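Just below is one structure, and these are the notes that go with it.
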Amino acid sequence: MGCLDLTTFLVNNPNLKISGVIAGSPFWGLSDSHNIDFARRLIIKFLATFVEELPLNGLGSTHYLSHDRRYYLHELVTNSKKHPTYTSGGILNSMLESCEDISVNAKVYTKPTLVFMAGKDKIVNNGAIRNFIAKCGVPKPLMKIRLYPNSYHNIHKEPEYKFRQLAEIYEFIHALKDAGKTMPFEKGDLKKVRFGRPLKKKSLKVKRSFTTALIISYLYYGVLILIIRGLIRRWNEKNALRWSQVLFTIMIWPKYIQ
């Protein structure tokens, strides 16, 4: 999520004086095999506005996976400062919007970048990372990719790779300095920064409205009545409802509770 937020920020502010970016296991989208079709996307966009605080996943997290057994047990059992890694409807919708936005604006992203990918990552999809890299506007000589095949998501906690990763970071930074590509950061630029979604969006944000809430609530209860009606018919050993009866039940469900 950190890399997704940072990329959105840089897409919003392409002229900000940033010498380079180091991205560790970045979440830059979904894989091609997990694309969400238009209908499902609409469902997420509408429902997320009304269940934005509702947790959608459990307390556990694969963030803790590591070949360092001591670190894994510490995070899973003894770390009293850890935070539950819940994902709500609102967060899910924002994540999808951000992924869509950075994909649409990928050419605007031109900063020299060092990307680390974990071969056993259970959090992000490496195919999605490569898709964004292929679309972005970073010149090929300035895009560095490092894949650690035996690493989980938190590469900096992997005994096999954490020191190698540090060496790669130092090498990347010094290469930028030696090439004279470092930029002096100017505080005046902070007055011009832009936050939020980029001006160019793939989809419009769904606004919460009283009318929309009524429509969704009405259809929600219609589906509940449909389920109850179907169970009653099965109990009475009657034939299943036809499609026309299904739609009729959902649309005029108050008739069946009289």
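Going by the structure tokens order, chains are called A, B, ..., each with residues numbered from 1, while ligands are numbered from 1 in the order shown.
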**Report entry** helix (DSSP H, G or I) positions in segment 67-235 of chain A, given as number ranges by chain
**Finding:** A: 69-78, 89-104, 106-108, 126-135, 140-142, 155-157, 162-178, 187-192, 210-235
Requested in this report: Find the residues near Tyr218 of chain A: any atom within 9 Å, counting only C-alpha atoms, skip ones fewer than 3 places away on the same chain, and give them as a ChimeraX atom specification.
Outcome: /A:213-215,221-223,250-251,253
Could you give me, as a Markdown table, every segment 176-198 of chain A residue with an atom at most 12 Å from segment 110-134 of chain A, plus its closest atom pair and distance in Å to one decimal, counting only C-alpha atoms, rows ordered by chain then number?
```
| residue | atom | partner | partner_atom | distance |
| --- | --- | --- | --- | --- |
| A:Leu176 | CA | A:Pro112 | CA | 8.5 |
| A:Lys177 | CA | A:Pro112 | CA | 12.0 |
| A:Ala179 | CA | A:Pro112 | CA | 11.8 |
| A:Lys181 | CA | A:Pro112 | CA | 9.1 |
| A:Thr182 | CA | A:Pro112 | CA | 10.2 |
| A:Met183 | CA | A:Lys111 | CA | 11.4 |
```
Report summary line: One residue among A:Pro184, A:Ile225, A:Ile145, A:Leu16 is nearest to Gln165 of chain A when using only C-alpha atoms, and that residue is A:Ile145
Requested in this report: Name the residues in contact with Leu226 of chain A at a cut-off of 10 Å, using only C-alpha atoms, excluding same-chain residues fewer than 6 positions from it; report them as an NGL selection string.
Outcome: :A and (220 or 232 or 241 or 245-251 or 253 or 256)
Would you output that residue set with C-alpha atoms, as an mmCIF file, in the first residue's frame?
```cif
data_model
loop_
_atom_site.group_PDB
_atom_site.id
_atom_site.type_symbol
_atom_site.label_atom_id
_atom_site.label_comp_id
_atom_site.auth_asym_id
_atom_site.auth_seq_id
_atom_site.Cartn_x
_atom_site.Cartn_y
_atom_site.Cartn_z
ATOM 1 C CA TYR A 220 -31.052 -5.958 -0.615
ATOM 2 C CA ILE A 232 -40.365 -22.148 1.577
ATOM 3 C CA LEU A 241 -38.817 -20.241 -9.279
ATOM 4 C CA GLN A 245 -40.483 -15.006 -10.957
ATOM 5 C CA VAL A 246 -37.064 -14.312 -9.438
ATOM 6 C CA LEU A 247 -36.954 -10.810 -10.902
ATOM 7 C CA PHE A 248 -40.601 -10.228 -10.016
ATOM 8 C CA THR A 249 -39.944 -11.203 -6.398
ATOM 9 C CA ILE A 250 -36.985 -8.848 -6.051
ATOM 10 C CA MET A 251 -38.733 -5.903 -7.676
ATOM 11 C CA TRP A 253 -40.995 -7.936 -2.628
ATOM 12 C CA TYR A 256 -44.877 -11.165 -0.353
#
```
